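The file final-v2.tsv comes next; it holds TSV, C-alpha atoms and all ligand atoms.
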chain	number	residue	atom	x	y	z
A	1	SER	CA	-1.10	-91.19	-41.28
A	2	GLN	CA	-0.81	-92.38	-37.69
A	3	ARG	CA	-1.91	-89.77	-35.18
A	4	ILE	CA	-0.21	-89.49	-31.77
A	5	TRP	CA	-1.73	-87.22	-29.16
A	6	VAL	CA	0.61	-85.73	-26.58
A	7	LEU	CA	-0.75	-84.85	-23.16
A	8	GLY	CA	0.75	-81.41	-22.61
A	9	ALA	CA	1.74	-78.66	-25.04
A	10	GLY	CA	5.05	-77.32	-23.74
A	11	GLN	CA	8.43	-77.42	-25.46
A	12	LEU	CA	8.75	-81.20	-25.19
A	13	GLY	CA	5.46	-81.67	-27.04
A	14	ALA	CA	6.57	-79.18	-29.68
A	15	MET	CA	9.87	-81.00	-30.21
A	16	LEU	CA	8.03	-84.32	-30.44
A	17	LYS	CA	5.77	-82.83	-33.11
A	18	HIS	CA	8.80	-81.57	-35.02
A	19	ALA	CA	10.43	-85.02	-34.86
A	20	GLY	CA	7.25	-86.72	-36.03
A	21	MET	CA	7.03	-84.98	-39.40
A	22	PRO	CA	9.78	-86.91	-41.24
A	23	LEU	CA	8.34	-90.15	-39.81
A	24	ALA	CA	4.93	-89.35	-41.33
A	25	LEU	CA	3.47	-89.21	-37.85
A	26	ASP	CA	0.82	-86.63	-37.05
A	27	VAL	CA	1.88	-85.63	-33.55
A	28	CYS	CA	-0.64	-83.41	-31.79
A	29	PRO	CA	0.30	-81.89	-28.44
A	30	VAL	CA	-2.75	-80.83	-26.42
A	31	ASP	CA	-2.85	-78.09	-23.80
A	32	ILE	CA	-4.36	-79.73	-20.74
A	33	ASN	CA	-6.51	-76.65	-20.09
A	34	GLU	CA	-8.21	-76.56	-23.52
A	35	SER	CA	-11.90	-75.98	-23.07
A	36	SER	CA	-12.89	-78.87	-25.31
A	37	ALA	CA	-11.56	-82.40	-25.40
A	38	PRO	CA	-9.83	-83.66	-28.57
A	39	GLU	CA	-11.71	-86.10	-30.77
A	40	LEU	CA	-9.86	-89.35	-30.39
A	41	ALA	CA	-10.14	-92.16	-32.94
A	42	VAL	CA	-9.79	-95.78	-31.83
A	43	ASP	CA	-6.50	-96.33	-33.62
A	44	ASP	CA	-4.89	-93.09	-32.45
A	45	LEU	CA	-2.06	-93.36	-29.94
A	46	VAL	CA	-1.58	-91.26	-26.81
A	47	THR	CA	1.63	-90.30	-25.01
A	48	ALA	CA	2.62	-87.57	-22.55
A	49	GLU	CA	5.31	-84.91	-22.24
A	50	ARG	CA	4.86	-84.71	-18.45
A	51	GLU	CA	4.57	-87.38	-15.78
A	52	GLN	CA	1.77	-85.77	-13.83
A	53	TRP	CA	-1.37	-83.85	-14.56
A	54	PRO	CA	-4.49	-82.54	-12.88
A	55	GLU	CA	-7.88	-83.91	-13.90
A	56	THR	CA	-9.21	-81.71	-16.70
A	57	LEU	CA	-11.53	-82.27	-19.65
A	58	VAL	CA	-8.46	-82.92	-21.82
A	59	THR	CA	-6.47	-85.16	-19.46
A	60	HIS	CA	-9.58	-87.17	-18.66
A	61	ALA	CA	-10.22	-87.86	-22.34
A	62	LEU	CA	-6.58	-88.69	-23.18
A	63	ALA	CA	-5.86	-90.83	-20.12
A	64	GLN	CA	-8.96	-92.96	-20.76
A	65	HIS	CA	-7.93	-93.90	-24.27
A	66	PRO	CA	-7.09	-97.63	-24.51
A	67	ARG	CA	-3.95	-96.84	-26.51
A	68	PHE	CA	-2.44	-94.47	-23.94
A	69	ILE	CA	1.07	-95.94	-23.87
A	70	ASN	CA	2.56	-96.63	-20.39
A	71	GLN	CA	-0.73	-95.56	-18.82
A	72	ASN	CA	-0.07	-97.28	-15.48
A	73	VAL	CA	3.57	-96.15	-15.23
A	74	PHE	CA	3.00	-92.42	-14.89
A	75	GLY	CA	1.33	-92.42	-11.49
A	76	ARG	CA	3.90	-94.79	-10.10
A	77	LEU	CA	6.91	-92.71	-11.18
A	78	ALA	CA	5.32	-89.29	-10.63
A	79	ASP	CA	5.07	-90.03	-6.89
A	80	ARG	CA	8.59	-90.01	-5.44
A	81	LYS	CA	7.56	-92.49	-2.75
A	82	THR	CA	6.34	-95.17	-5.16
A	83	GLN	CA	9.24	-94.39	-7.50
A	84	LYS	CA	11.74	-95.03	-4.69
A	85	GLU	CA	9.86	-98.20	-3.66
A	86	LEU	CA	10.14	-99.50	-7.20
A	87	ILE	CA	13.89	-98.80	-7.35
A	88	ASP	CA	14.41	-100.44	-3.95
A	89	SER	CA	12.34	-103.49	-4.93
A	90	LEU	CA	14.64	-104.03	-7.92
A	91	GLY	CA	17.72	-103.76	-5.71
A	92	ILE	CA	19.05	-100.76	-7.64
A	93	ALA	CA	21.21	-98.16	-5.87
A	94	THR	CA	19.50	-94.87	-5.04
A	95	ALA	CA	20.00	-92.02	-2.57
A	96	PRO	CA	18.89	-93.38	0.86
A	97	TRP	CA	15.42	-92.12	1.75
A	98	ARG	CA	12.52	-92.30	4.20
A	99	ASN	CA	8.85	-91.57	3.86
A	100	VAL	CA	7.92	-88.39	5.75
A	101	ALA	CA	4.97	-89.83	7.67
A	102	ASN	CA	2.77	-87.41	9.61
A	103	ASP	CA	4.27	-88.28	12.96
A	104	ILE	CA	7.98	-88.49	12.08
A	105	THR	CA	10.29	-85.94	13.70
A	106	ALA	CA	13.26	-84.14	12.19
A	107	ASN	CA	15.53	-85.85	14.71
A	108	GLU	CA	14.34	-89.29	13.64
A	109	LEU	CA	15.06	-88.42	10.02
A	110	ARG	CA	18.57	-87.22	10.90
A	111	ASP	CA	19.17	-90.39	12.96
A	112	GLN	CA	18.23	-92.50	9.95
A	113	LEU	CA	19.71	-90.46	7.11
A	114	GLY	CA	22.49	-88.33	8.56
A	115	GLU	CA	22.91	-84.65	9.41
A	116	ARG	CA	21.94	-83.20	6.04
A	117	VAL	CA	18.44	-84.15	4.94
A	118	LEU	CA	16.63	-82.94	1.83
A	119	LEU	CA	12.83	-83.01	1.81
A	120	LYS	CA	11.21	-83.47	-1.59
A	121	ARG	CA	7.50	-83.19	-2.26
A	122	ARG	CA	6.14	-86.53	-3.38
A	123	THR	CA	4.52	-85.00	-6.43
A	124	GLY	CA	4.67	-81.90	-8.58
A	125	GLY	CA	8.29	-80.79	-8.12
A	126	TYR	CA	10.54	-79.85	-11.05
A	127	ASP	CA	13.62	-77.67	-11.65
A	128	GLY	CA	14.35	-77.96	-7.92
A	129	ARG	CA	10.95	-76.55	-6.89
A	130	GLY	CA	9.30	-78.59	-4.19
A	131	GLN	CA	12.51	-79.17	-2.21
A	132	HIS	CA	13.47	-78.08	1.28
A	133	TRP	CA	16.66	-78.65	3.26
A	134	LEU	CA	15.83	-79.58	6.83
A	135	ARG	CA	17.36	-76.99	9.15
A	136	THR	CA	19.80	-78.40	11.69
A	137	ASP	CA	17.90	-76.69	14.51
A	138	ASP	CA	14.48	-78.00	13.41
A	139	ASP	CA	12.99	-80.46	15.88
A	140	GLU	CA	9.85	-81.04	13.85
A	141	VAL	CA	9.30	-81.45	10.15
A	142	PRO	CA	7.69	-78.20	8.90
A	143	GLY	CA	3.94	-78.73	8.91
A	144	ASP	CA	3.29	-78.40	5.21
A	145	TRP	CA	5.82	-81.15	4.47
A	146	GLN	CA	4.41	-83.75	6.87
A	147	GLY	CA	2.76	-86.64	5.09
A	148	GLU	CA	3.48	-85.15	1.67
A	149	ALA	CA	7.19	-85.63	1.15
A	150	ILE	CA	10.06	-88.03	1.18
A	151	ALA	CA	13.35	-87.26	2.93
A	152	GLU	CA	16.67	-87.98	1.23
A	153	GLN	CA	20.18	-88.24	2.51
A	154	ALA	CA	22.39	-85.49	1.09
A	155	ILE	CA	24.73	-87.15	-1.36
A	156	ASN	CA	28.21	-85.73	-1.57
A	157	PHE	CA	28.49	-86.64	-5.23
A	158	ASP	CA	31.44	-86.18	-7.56
A	159	GLU	CA	29.15	-85.16	-10.41
A	160	GLU	CA	25.72	-85.68	-11.93
A	161	VAL	CA	25.34	-88.05	-14.85
A	162	SER	CA	22.22	-89.15	-16.72
A	163	LEU	CA	21.29	-91.95	-19.05
A	164	VAL	CA	18.57	-91.64	-21.68
A	165	GLY	CA	17.27	-94.86	-23.15
A	166	VAL	CA	14.38	-96.23	-25.13
A	167	ARG	CA	12.52	-99.54	-25.07
A	168	ASN	CA	10.07	-100.85	-27.66
A	169	ALA	CA	7.15	-103.21	-27.21
A	170	ALA	CA	9.31	-106.18	-28.27
A	171	GLY	CA	11.52	-105.46	-25.27
A	172	GLU	CA	14.54	-104.18	-27.21
A	173	CYS	CA	16.46	-101.36	-25.54
A	174	VAL	CA	18.81	-98.74	-26.93
A	175	PHE	CA	20.80	-96.19	-24.92
A	176	TYR	CA	22.77	-93.03	-25.59
A	177	PRO	CA	26.20	-92.53	-24.05
A	178	LEU	CA	26.11	-91.15	-20.51
A	179	THR	CA	25.65	-87.41	-20.27
A	180	LEU	CA	27.39	-85.16	-17.75
A	181	ASN	CA	25.05	-82.54	-16.29
A	182	LEU	CA	25.46	-79.31	-14.39
A	183	HIS	CA	22.54	-78.47	-12.09
A	184	LEU	CA	22.53	-75.23	-10.11
A	185	SER	CA	19.84	-74.59	-7.51
A	186	GLY	CA	18.07	-77.65	-8.84
A	187	ILE	CA	17.92	-76.47	-12.46
A	188	LEU	CA	19.81	-77.96	-15.40
A	189	TYR	CA	22.24	-75.48	-16.96
A	190	ALA	CA	24.46	-77.56	-19.21
A	191	SER	CA	25.05	-81.09	-20.52
A	192	VAL	CA	28.12	-82.61	-22.16
A	193	ALA	CA	28.21	-85.89	-24.12
A	194	PRO	CA	29.85	-88.18	-24.91
A	195	LEU	CA	32.82	-88.30	-22.53
A	196	ALA	CA	35.41	-91.06	-22.81
A	197	ARG	CA	36.04	-90.98	-19.09
A	198	LEU	CA	32.38	-91.94	-18.41
A	199	GLN	CA	32.54	-94.93	-20.74
A	200	PRO	CA	33.59	-97.35	-17.92
A	201	LEU	CA	30.24	-96.57	-16.19
A	202	GLN	CA	28.12	-97.12	-19.30
A	203	ALA	CA	27.41	-100.84	-18.77
A	204	GLN	CA	26.47	-100.30	-15.11
A	205	ALA	CA	24.10	-97.48	-16.07
A	206	GLU	CA	22.49	-99.44	-18.91
A	207	GLN	CA	21.88	-102.38	-16.63
A	208	MET	CA	20.19	-100.16	-14.03
A	209	LEU	CA	17.87	-98.41	-16.48
A	210	GLY	CA	17.37	-101.57	-18.55
A	211	ASN	CA	16.11	-103.43	-15.47
A	212	ILE	CA	13.66	-100.64	-14.72
A	213	LEU	CA	12.37	-100.44	-18.30
A	214	ASN	CA	11.83	-104.20	-18.37
A	215	ALA	CA	10.21	-104.35	-14.94
A	216	LEU	CA	7.68	-101.73	-16.05
A	217	ASP	CA	7.23	-103.23	-19.52
A	218	TYR	CA	7.86	-99.65	-20.57
A	219	VAL	CA	7.57	-98.39	-24.16
A	220	GLY	CA	9.31	-95.17	-25.15
A	221	VAL	CA	12.07	-92.93	-23.84
A	222	MET	CA	12.97	-92.77	-20.16
A	223	ALA	CA	15.70	-90.75	-18.45
A	224	MET	CA	17.64	-91.80	-15.35
A	225	GLU	CA	19.37	-89.03	-13.39
A	226	THR	CA	22.19	-90.31	-11.22
A	227	PHE	CA	24.85	-89.15	-8.80
A	228	ARG	CA	28.32	-90.47	-9.49
A	229	VAL	CA	30.14	-91.29	-6.27
A	230	GLY	CA	33.50	-92.74	-7.22
A	231	ASP	CA	32.75	-95.55	-9.67
A	232	GLN	CA	29.23	-96.09	-8.29
A	233	LEU	CA	26.05	-94.62	-9.72
A	234	LEU	CA	23.11	-93.85	-7.41
A	235	ILE	CA	19.75	-93.01	-8.94
A	236	ASN	CA	18.51	-89.52	-8.14
A	237	GLU	CA	15.26	-89.75	-10.08
A	238	LEU	CA	13.56	-91.24	-13.11
A	239	ALA	CA	11.58	-89.35	-15.75
A	240	PRO	CA	9.17	-91.39	-17.91
A	241	ARG	CA	9.49	-89.10	-20.92
A	242	VAL	CA	11.93	-87.26	-23.14
A	243	HIS	CA	14.29	-85.28	-20.95
A	244	ASN	CA	16.27	-82.04	-20.97
A	245	SER	CA	19.57	-83.91	-20.57
A	246	GLY	CA	18.80	-85.66	-23.88
A	247	HIS	CA	18.28	-82.47	-25.88
A	248	TRP	CA	21.83	-82.68	-27.29
A	249	THR	CA	20.70	-85.70	-29.34
A	250	GLN	CA	18.74	-83.38	-31.66
A	251	ALA	CA	22.02	-82.24	-33.21
A	252	GLY	CA	24.42	-84.89	-31.98
A	253	ALA	CA	22.88	-88.24	-32.82
A	254	SER	CA	21.55	-89.91	-35.95
A	255	ILE	CA	18.26	-90.48	-34.12
A	256	SER	CA	17.14	-87.95	-31.52
A	257	GLN	CA	15.44	-88.86	-28.24
A	258	PHE	CA	12.23	-87.35	-29.65
A	259	GLU	CA	12.37	-89.59	-32.72
A	260	TYR	CA	13.09	-92.65	-30.57
A	261	HIS	CA	10.15	-91.95	-28.33
A	262	LEU	CA	7.81	-91.71	-31.30
A	263	ARG	CA	9.31	-94.76	-32.99
A	264	ALA	CA	8.79	-96.85	-29.86
A	265	VAL	CA	5.28	-95.56	-29.22
A	266	ALA	CA	4.30	-96.18	-32.86
A	267	ASP	CA	5.97	-99.62	-32.81
A	268	MET	CA	8.65	-98.81	-35.39
A	269	ALA	CA	12.23	-100.10	-35.40
A	270	ILE	CA	14.71	-98.54	-32.95
A	271	PRO	CA	18.16	-99.01	-34.53
A	272	ALA	CA	21.15	-97.95	-32.41
A	273	PRO	CA	22.10	-94.27	-32.65
A	274	GLN	CA	25.27	-92.94	-34.20
A	275	VAL	CA	26.72	-90.13	-32.13
A	276	ILE	CA	27.94	-87.36	-34.39
A	277	GLY	CA	30.63	-85.47	-32.47
A	278	GLN	CA	31.36	-83.66	-29.24
A	279	ASN	CA	28.15	-82.18	-27.89
A	280	VAL	CA	27.44	-79.44	-25.40
A	281	MET	CA	23.90	-78.29	-24.60
A	282	ILE	CA	23.41	-74.97	-22.85
A	283	ASN	CA	19.97	-74.16	-21.43
A	284	LEU	CA	18.60	-70.66	-21.94
A	285	ILE	CA	17.17	-69.71	-18.58
A	286	GLY	CA	15.25	-66.49	-17.98
A	287	THR	CA	16.98	-64.68	-20.83
A	288	ASP	CA	15.55	-62.81	-23.83
A	289	TYR	CA	16.01	-64.07	-27.36
A	290	ASN	CA	19.26	-62.89	-28.93
A	291	PRO	CA	19.34	-63.05	-32.77
A	292	GLN	CA	23.15	-63.22	-32.65
A	293	TRP	CA	22.89	-66.79	-31.34
A	294	ARG	CA	22.00	-67.70	-34.93
A	295	ASN	CA	25.45	-66.59	-36.14
A	296	LEU	CA	27.42	-68.97	-33.95
A	297	PRO	CA	29.38	-71.69	-35.76
A	298	CYS	CA	28.34	-75.31	-35.08
A	299	ALA	CA	25.51	-74.22	-32.81
A	300	ARG	CA	21.75	-74.52	-33.16
A	301	THR	CA	19.28	-72.58	-31.06
A	302	TYR	CA	15.91	-73.99	-30.04
A	303	TRP	CA	13.58	-71.26	-28.80
A	304	TYR	CA	10.41	-72.34	-27.01
A	305	GLY	CA	8.39	-69.17	-27.58
A	306	LYS	CA	7.43	-68.89	-23.92
A	307	GLU	CA	7.16	-65.74	-21.86
A	308	VAL	CA	10.59	-65.00	-20.36
A	309	ARG	CA	10.63	-65.13	-16.57
A	310	PRO	CA	13.54	-65.42	-14.12
A	311	GLY	CA	14.60	-69.03	-13.60
A	312	ARG	CA	12.41	-70.30	-16.46
A	313	LYS	CA	13.75	-72.52	-19.23
A	314	VAL	CA	12.95	-70.64	-22.45
A	315	GLY	CA	15.22	-72.43	-24.94
A	316	HIS	CA	18.48	-74.27	-25.39
A	317	ILE	CA	21.52	-74.21	-27.64
A	318	ASN	CA	23.14	-77.38	-28.98
A	319	ILE	CA	26.79	-77.12	-29.93
A	320	VAL	CA	28.27	-80.01	-31.90
A	321	SER	CA	31.48	-80.59	-33.83
A	322	ASN	CA	34.07	-83.29	-34.36
A	323	ASN	CA	36.63	-80.62	-33.65
A	324	ILE	CA	36.87	-79.98	-29.89
A	325	THR	CA	38.68	-76.68	-30.47
A	326	GLU	CA	35.71	-75.49	-32.48
A	327	VAL	CA	33.33	-76.51	-29.68
A	328	ARG	CA	35.45	-74.60	-27.17
A	329	GLU	CA	35.62	-71.49	-29.36
A	330	THR	CA	31.86	-71.55	-29.84
A	331	LEU	CA	31.34	-71.81	-26.08
A	332	VAL	CA	33.46	-68.71	-25.51
A	333	LEU	CA	31.60	-66.79	-28.25
A	334	LEU	CA	28.30	-67.88	-26.75
A	335	GLY	CA	29.41	-66.77	-23.29
A	336	ASP	CA	29.56	-63.20	-24.60
A	337	LEU	CA	25.96	-63.47	-25.85
A	338	LEU	CA	24.51	-64.59	-22.53
A	339	PRO	CA	23.98	-62.90	-19.15
A	340	GLU	CA	27.26	-62.44	-17.34
A	341	HIS	CA	26.70	-65.17	-14.74
A	342	TYR	CA	26.72	-67.81	-17.51
A	343	TYR	CA	30.52	-67.74	-17.66
A	344	ARG	CA	30.61	-68.66	-14.01
A	345	ASP	CA	27.66	-71.01	-14.11
A	346	ALA	CA	27.83	-72.91	-17.37
A	347	ILE	CA	30.52	-71.86	-19.84
A	348	ASP	CA	33.57	-72.45	-17.65
A	349	TRP	CA	32.06	-75.68	-16.37
A	350	SER	CA	31.53	-76.94	-19.94
A	351	LEU	CA	35.04	-75.92	-20.99
A	352	SER	CA	36.58	-77.80	-18.09
A	353	ALA	CA	34.39	-80.86	-18.76
A	354	LEU	CA	35.99	-81.00	-22.22
A	355	GLU	CA	39.56	-80.97	-20.88
B	401	LIG	P1	14.05	-81.98	-12.51
B	401	LIG	O1	13.88	-80.62	-13.11
B	401	LIG	O2	15.31	-82.68	-12.98
B	401	LIG	O3	12.84	-82.85	-12.62
B	401	LIG	P2	13.53	-81.98	-9.66
B	401	LIG	O4	12.96	-80.72	-9.19
B	401	LIG	O5	12.63	-83.13	-9.89
B	401	LIG	O6	14.40	-81.73	-10.97
B	401	LIG	P3	15.72	-83.47	-8.38
B	401	LIG	O7	16.26	-83.95	-9.67
B	401	LIG	O8	15.25	-84.47	-7.42
B	401	LIG	O9	14.58	-82.35	-8.56
B	401	LIG	O10	16.81	-82.57	-7.67
B	401	LIG	C1	17.32	-81.41	-8.33
B	401	LIG	C2	18.80	-81.27	-8.05
B	401	LIG	O11	19.00	-81.11	-6.64
B	401	LIG	C3	19.62	-82.49	-8.43
B	401	LIG	O12	19.93	-82.48	-9.80
B	401	LIG	C4	20.83	-82.29	-7.52
B	401	LIG	O13	21.68	-81.29	-8.03
B	401	LIG	C5	20.19	-81.77	-6.25
B	401	LIG	N1	19.85	-82.90	-5.34
B	401	LIG	C6	18.72	-83.64	-5.39
B	401	LIG	N2	18.72	-84.62	-4.47
B	401	LIG	C7	19.90	-84.54	-3.83
B	401	LIG	C8	20.52	-85.29	-2.76
B	401	LIG	N3	19.90	-86.32	-2.17
B	401	LIG	N4	21.75	-84.90	-2.35
B	401	LIG	C9	22.38	-83.85	-2.94
B	401	LIG	N5	21.86	-83.11	-3.93
B	401	LIG	C10	20.63	-83.44	-4.38
B	402	MG	MG	12.21	-84.25	-11.48
B	403	MG	MG	15.99	-83.96	-11.58
Before we go any further, please render this structure as structure tokens.
Ligand code: ATP
Ligand code: MG
Ligand code: MG
Amino acid sequence: SQRIWVLGAGQLGAMLKHAGMPLALDVCPVDINESSAPELAVDDLVTAEREQWPETLVTHALAQHPRFINQNVFGRLADRKTQKELIDSLGIATAPWRNVANDITANELRDQLGERVLLKRRTGGYDGRGQHWLRTDDDEVPGDWQGEAIAEQAINFDEEVSLVGVRNAAGECVFYPLTLNLHLSGILYASVAPLARLQPLQAQAEQMLGNILNALDYVGVMAMETFRVGDQLLINELAPRVHNSGHWTQAGASISQFEYHLRAVADMAIPAPQVIGQNVMINLIGTDYNPQWRNLPCARTYWYGKEVRPGRKVGHINIVSNNITEVRETLVLLGDLLPEHYYRDAIDWSLSALE
């Protein structure tokens, strides 16, 4: 059977492997710090579960393979500066930004972007790490951010919405319905999809991401995180991989984002998805495994088997039903099986998103 190597062996790689089995694909995630490189055959395929990686024995071997799909896209999107330049060059709306050159001052950035300025490291940030709000009394950009960051205007958004889509080598694209996301301190807590009230923004969103996929001649799943400001979407960032805000599709769509990614990479058909019901995804962050999660109606727990640490994503729970009342009841039951702050942070938010 076709073998697909995945650069990286975290939860995304594991879920890709899981999705590959029914497709008769032998998906092999590889830890980038393995002491020996995998033995690649010429007709193997290579993909990645992360957009950036250090040079190791493993990443060197995988990235050199001629069938590493989207090889030249990763570097371009993993650097926020070149990612923003790409979005600008396509004339697509994004949060206004400036490069933080070595000699730029905090005052210059505020003059150009407004009073509230968010610095983001060009590379390596995730879950809100690698971000720094410029202090209003700073005259200079803090030294360790000079030359290594971009600065963004603070967007006073109504809400955060993402689009997950897939493109195959023939240039066909398929998209899921827009997903509403709750981020707190830069980390995703909950997603809700589909929502009828977001439907009027669907065509706009598909055009934005479709243009990017085509411009990059991209093959596979990509996620576009946006800020909704009125009826306008502004891109926050792009992720050239399967994405946390698409995890609901494991339970809530006829074809999951993981299956789509593999189908595109392996050059299989990508028929449009059927969405199964009302979906809510709750991330499990820094909390121990609770066997009672398994007893919840219309909910499925995905546990990543990682060491539990504060602020770390260690699993997620997908809730899906055609009956909204059942979804709501499950959310309330789940709230009692999670740390107390979840009611405040994710359960109440999800319940009100369903109103
Ligand atoms: P991810 O885990 O999604 O890769 P990340 O660390 O790459 O996250 P961003 O997505 O850039 O970071 O930002 C994280 C969150 O911070 C956003 O989802 C949003 O809530 C907030 N944020 C980011 N940029 C802005 C902005 N310009 N204005 C207001 N809030 C912002
Ligand atoms: Mg990111
Ligand atoms: Mg993000």
Task: Spatial neighbours of Ile317 (chain A), 9 Å, only C-alpha atoms, chain gap at least 5 places, as a PyMOL selection string - done: chain A and resi 248+280-284+293+299-303
Write out the residues from the selection above, keeping C-alpha atoms, as a PDB file, keeping the file's coordinate frame.
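Just written: part-v4.pdb:
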ATOM      1  CA  TRP A 248      21.830 -82.680 -27.290  1.00  0.00           C
ATOM      2  CA  VAL A 280      27.440 -79.440 -25.400  1.00  0.00           C
ATOM      3  CA  MET A 281      23.900 -78.290 -24.600  1.00  0.00           C
ATOM      4  CA  ILE A 282      23.410 -74.970 -22.850  1.00  0.00           C
ATOM      5  CA  ASN A 283      19.970 -74.160 -21.430  1.00  0.00           C
ATOM      6  CA  LEU A 284      18.600 -70.660 -21.940  1.00  0.00           C
ATOM      7  CA  TRP A 293      22.890 -66.790 -31.340  1.00  0.00           C
ATOM      8  CA  ALA A 299      25.510 -74.220 -32.810  1.00  0.00           C
ATOM      9  CA  ARG A 300      21.750 -74.520 -33.160  1.00  0.00           C
ATOM     10  CA  THR A 301      19.280 -72.580 -31.060  1.00  0.00           C
ATOM     11  CA  TYR A 302      15.910 -73.990 -30.040  1.00  0.00           C
ATOM     12  CA  TRP A 303      13.580 -71.260 -28.800  1.00  0.00           C
TER      13      TRP A 303
END
Task: Shell around region 40-53 of chain A at 6 Å using only C-alpha atoms, local window under 5 positions removed, as a PyMOL selection string - done: chain A and resi 3-8+12-13+67-69+74+78
Open item on the list: So that I can check the surroundings of region 205-217 of chain A, please list as JSON, numbers by chain every protein, DNA and RNA residue that reaches within 7 Å of it, counting only C-alpha atoms and ignoring chain neighbours fewer than 5 positions away.
Closed with: {"A": [73, 92, 163, 167, 224]}
TODO: Please write out the residues within 10 Å of ligand LIG 401 (chain B) as an MDAnalysis selection string, counting all atoms listed in the file.
DONE: chainID A and resid 51 78 80 94:97 116:131 133 151:157 159:162 181:188 223:227 234:239 243:245
Contacts of Ser35 (chain A) at 10 Å (all atoms listed in the file; same-chain gap of 2+ positions) as a short mmCIF file (atom, residue, chain, number, x, y, z; two decimals) with C-alpha atoms, in the coordinates of the input:
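Produced file selection_18.cif, reproduced below:
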data_model
loop_
_atom_site.label_atom_id
_atom_site.label_comp_id
_atom_site.auth_asym_id
_atom_site.auth_seq_id
_atom_site.Cartn_x
_atom_site.Cartn_y
_atom_site.Cartn_z
CA ASP A 31 -2.85 -78.09 -23.80
CA ILE A 32 -4.36 -79.73 -20.74
CA ASN A 33 -6.51 -76.65 -20.09
CA ALA A 37 -11.56 -82.40 -25.40
CA PRO A 38 -9.83 -83.66 -28.57
CA THR A 56 -9.21 -81.71 -16.70
CA LEU A 57 -11.53 -82.27 -19.65
CA VAL A 58 -8.46 -82.92 -21.82
#
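Taking CA of Glu307 (chain A) as the reference point, CA of Gly286 (chain A) is found at 9.0 Å.
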Open item on the list: Report, in Å to a single decimal, how far apart CA of Lys84 (chain A) and atom MG of ligand MG 403 (chain B) are.
Closed with: 13.7 Å
- [ ] Just the residues within 12 Å of region 320-329 of chain A, please, counting all atoms listed in the file, with nothing from its chain fewer than 6 positions along; format it as a PyMOL selection string.
- [x] chain A and resi 191-195+247-253+275-282+296-301+335-336+347-355
Selection above as a file: C-alpha atoms, as a compact mmCIF listing (two decimals), in the coordinates of the input:
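As written to disk, selection-v9.txt reads:
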# COMPACT_ATOMS: atom_id res chain seq x y z
CA SER A 191 25.05 -81.09 -20.52
CA VAL A 192 28.12 -82.61 -22.16
CA ALA A 193 28.21 -85.89 -24.12
CA PRO A 194 29.85 -88.18 -24.91
CA LEU A 195 32.82 -88.30 -22.53
CA HIS A 247 18.28 -82.47 -25.88
CA TRP A 248 21.83 -82.68 -27.29
CA THR A 249 20.70 -85.70 -29.34
CA GLN A 250 18.74 -83.38 -31.66
CA ALA A 251 22.02 -82.24 -33.21
CA GLY A 252 24.42 -84.89 -31.98
CA ALA A 253 22.88 -88.24 -32.82
CA VAL A 275 26.72 -90.13 -32.13
CA ILE A 276 27.94 -87.36 -34.39
CA GLY A 277 30.63 -85.47 -32.47
CA GLN A 278 31.36 -83.66 -29.24
CA ASN A 279 28.15 -82.18 -27.89
CA VAL A 280 27.44 -79.44 -25.40
CA MET A 281 23.90 -78.29 -24.60
CA ILE A 282 23.41 -74.97 -22.85
CA LEU A 296 27.42 -68.97 -33.95
CA PRO A 297 29.38 -71.69 -35.76
CA CYS A 298 28.34 -75.31 -35.08
CA ALA A 299 25.51 -74.22 -32.81
CA ARG A 300 21.75 -74.52 -33.16
CA THR A 301 19.28 -72.58 -31.06
CA GLY A 335 29.41 -66.77 -23.29
CA ASP A 336 29.56 -63.20 -24.60
CA ILE A 347 30.52 -71.86 -19.84
CA ASP A 348 33.57 -72.45 -17.65
CA TRP A 349 32.06 -75.68 -16.37
CA SER A 350 31.53 -76.94 -19.94
CA LEU A 351 35.04 -75.92 -20.99
CA SER A 352 36.58 -77.80 -18.09
CA ALA A 353 34.39 -80.86 -18.76
CA LEU A 354 35.99 -81.00 -22.22
CA GLU A 355 39.56 -80.97 -20.88
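Note that CA of Tyr304 (chain A) and CA of Gly20 (chain A) are 17.3 Å apart.
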Open item on the list: Between A:Lys313, A:Arg344, A:Arg241, A:Lys306, which residue has the minimum interatomic distance to ligand MG 402 (chain B), considering all atoms listed in the file?
Closed with: A:Arg241
Task: Residue nearest ligand MG 402 (chain B) - candidates A:Asp267, A:Glu140, A:Asp79, A:Asp288, atoms counted: all atoms listed in the file - done: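 Closest to ligand MG 402 (chain B), using all atoms listed in the file: A:Asp79.
Of the listed residues A:Met21, A:Val141, A:Leu77, A:Val30, the one whose atoms come nearest to ligand MG 402 (chain B) is A:Leu77, with distances taken using only C-alpha atoms and all ligand atoms.
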- [ ] Pick out the closest residue to Gln71 (chain A) from this set: A:Val219, A:Ala196, A:Ala101, A:Leu180. Count only C-alpha atoms.
- [x]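 Answer, going by the shortest atom-to-atom distance: A:Val219.
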